[in-house]
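**Student:** Got a structure for you, written out below as structure tokens; questions coming shortly.
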Amino acid sequence: MTRRAAALACLLALAACGLALAACGDDDATARALTHGDPARGKQAIRRYGCGTCHEIPGVGGATSHVGPSLATIGARLYLAGRLTNTPDHLIEWIRHPQAVEPGNVMPDLAVTEADARDIAATLYTLR
């Protein structure tokens, strides 16, 4: 199997897993399984890092800005930052190192820790 075929098979398996978990109807459990993070801690981290300064994030007090895109349905989107497939690894990488992923974009690198990025991603994956 080529690298590309293996990557595609992995992506399809991840998507199938996500759909199966989503069918259970428990967004928090799905988000935890996908990210190994905690949605409740993610809301705290979102406030601590000031994500609501630029984004509208439902369920997070004060996160009502429209400088950056709304994150209201990020859990259901196919792409992140216009070019990354919406996978947990990509979302976590984007949260941690947006300038490394897409140099020159307007999202600042806030030195988000791995654990905080997983928690933030878990919160975001509950938004469908």
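All residue names refer to the structure tokens as shown: chains lettered A, B, ... in order, residues numbered from 1 in each chain, ligands numbered from 1 in order.
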Using only C-alpha atoms, find each residue in region 59-125 of chain A having at least one atom no more than 7 Å away from region 22-42 of chain A; report its shortest atom-to-atom pair and that distance in Å (one decimal), rows by chain then rising number, as JSON lines.

**Tutor:**
```
{"residue": "A:Pro88", "atom": "CA", "partner": "A:Thr35", "partner_atom": "CA", "distance": 5.7}
{"residue": "A:Asp116", "atom": "CA", "partner": "A:Gly42", "partner_atom": "CA", "distance": 6.7}
{"residue": "A:Arg118", "atom": "CA", "partner": "A:Gly37", "partner_atom": "CA", "distance": 4.6}
{"residue": "A:Asp119", "atom": "CA", "partner": "A:Gly42", "partner_atom": "CA", "distance": 4.1}
{"residue": "A:Ile120", "atom": "CA", "partner": "A:Gly42", "partner_atom": "CA", "distance": 4.0}
{"residue": "A:Ala121", "atom": "CA", "partner": "A:Thr35", "partner_atom": "CA", "distance": 6.6}
{"residue": "A:Ala122", "atom": "CA", "partner": "A:Ala31", "partner_atom": "CA", "distance": 4.7}
{"residue": "A:Thr123", "atom": "CA", "partner": "A:Pro39", "partner_atom": "CA", "distance": 4.1}
{"residue": "A:Tyr125", "atom": "CA", "partner": "A:Ala31", "partner_atom": "CA", "distance": 5.4}
```

**Student:** Restricting it to C-alpha atoms, dump the selection as an mmCIF file, in the first residue's frame.

**Tutor:**
```cif
data_model
loop_
_atom_site.group_PDB
_atom_site.id
_atom_site.type_symbol
_atom_site.label_atom_id
_atom_site.label_comp_id
_atom_site.auth_asym_id
_atom_site.auth_seq_id
_atom_site.Cartn_x
_atom_site.Cartn_y
_atom_site.Cartn_z
ATOM 1 C CA PRO A 88 -8.121 16.171 15.740
ATOM 2 C CA ASP A 116 -4.678 22.948 26.673
ATOM 3 C CA ARG A 118 -6.477 19.058 23.368
ATOM 4 C CA ASP A 119 -9.000 20.542 25.808
ATOM 5 C CA ILE A 120 -9.768 23.476 23.481
ATOM 6 C CA ALA A 121 -10.174 21.071 20.550
ATOM 7 C CA ALA A 122 -12.533 18.952 22.663
ATOM 8 C CA THR A 123 -14.686 22.018 23.335
ATOM 9 C CA TYR A 125 -15.669 19.489 18.542
#
```

**Student:** Please give the complete set of residues from chain A that DSSP, run on the backbone, assigns to strand (DSSP E or B), formatted as a PyMOL selection string.

**Tutor:** chain A and resi 56+64+79-80+84-85

**Student:** Neighbours of Leu127 (chain A) within 8 Å (only C-alpha atoms; same-chain residues fewer than 6 positions away dropped), as a list in words?

**Tutor:**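 Non-adjacent residues within range: Pro58, Leu71, Ala72, Thr73, Ile74, Gly75 and Ala76 of chain A.
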
**Student:** Just to be explicit: take each residue in the selection above, keep C-alpha atoms, and write the result as an mmCIF file, in the first residue's frame.

**Tutor:**
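Final file, out.cif:
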```
data_model
loop_
_atom_site.group_PDB
_atom_site.id
_atom_site.type_symbol
_atom_site.label_atom_id
_atom_site.label_comp_id
_atom_site.auth_asym_id
_atom_site.auth_seq_id
_atom_site.Cartn_x
_atom_site.Cartn_y
_atom_site.Cartn_z
ATOM 1 C CA PRO A 58 -21.077 29.484 21.615
ATOM 2 C CA LEU A 71 -16.466 28.738 15.521
ATOM 3 C CA ALA A 72 -20.154 27.900 16.011
ATOM 4 C CA THR A 73 -20.094 24.871 13.702
ATOM 5 C CA ILE A 74 -16.404 24.008 13.636
ATOM 6 C CA GLY A 75 -17.078 20.436 14.759
ATOM 7 C CA ALA A 76 -19.010 19.803 11.543
#
```

**Student:** Please return, as a PyMOL selection string, all residues of region 22-116 of chain A that DSSP assigns to helix (DSSP H, G or I) on the basis of the backbone.

**Tutor:** chain A and resi 22-23+27-35+39-49+51-53+74-76+88-96+98-101+114-116

**Student:** Between CA of Tyr49 (chain A) and CA of Gly61 (chain A), what distance in Å does the model show, to one decimal?

**Tutor:**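 Separating CA of Tyr49 (chain A) from CA of Gly61 (chain A) is a distance of 13.3 Å.
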
**Student:** Nearest to His90 (chain A) among A:Pro108, A:Pro103, A:Ala117, A:Val67, with distances taken over only C-alpha atoms: which residue is it?

**Tutor:**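 Looking only at the distances to His90 (chain A), the closest residue turns out to be A:Ala117.
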
**Student:** Expressed in Å to a single decimal, how great is the separation between CA of Ala63 (chain A) and CA of Cys51 (chain A)?

**Tutor:**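 Going from CA of Ala63 (chain A) over to CA of Cys51 (chain A) covers 7.2 Å.
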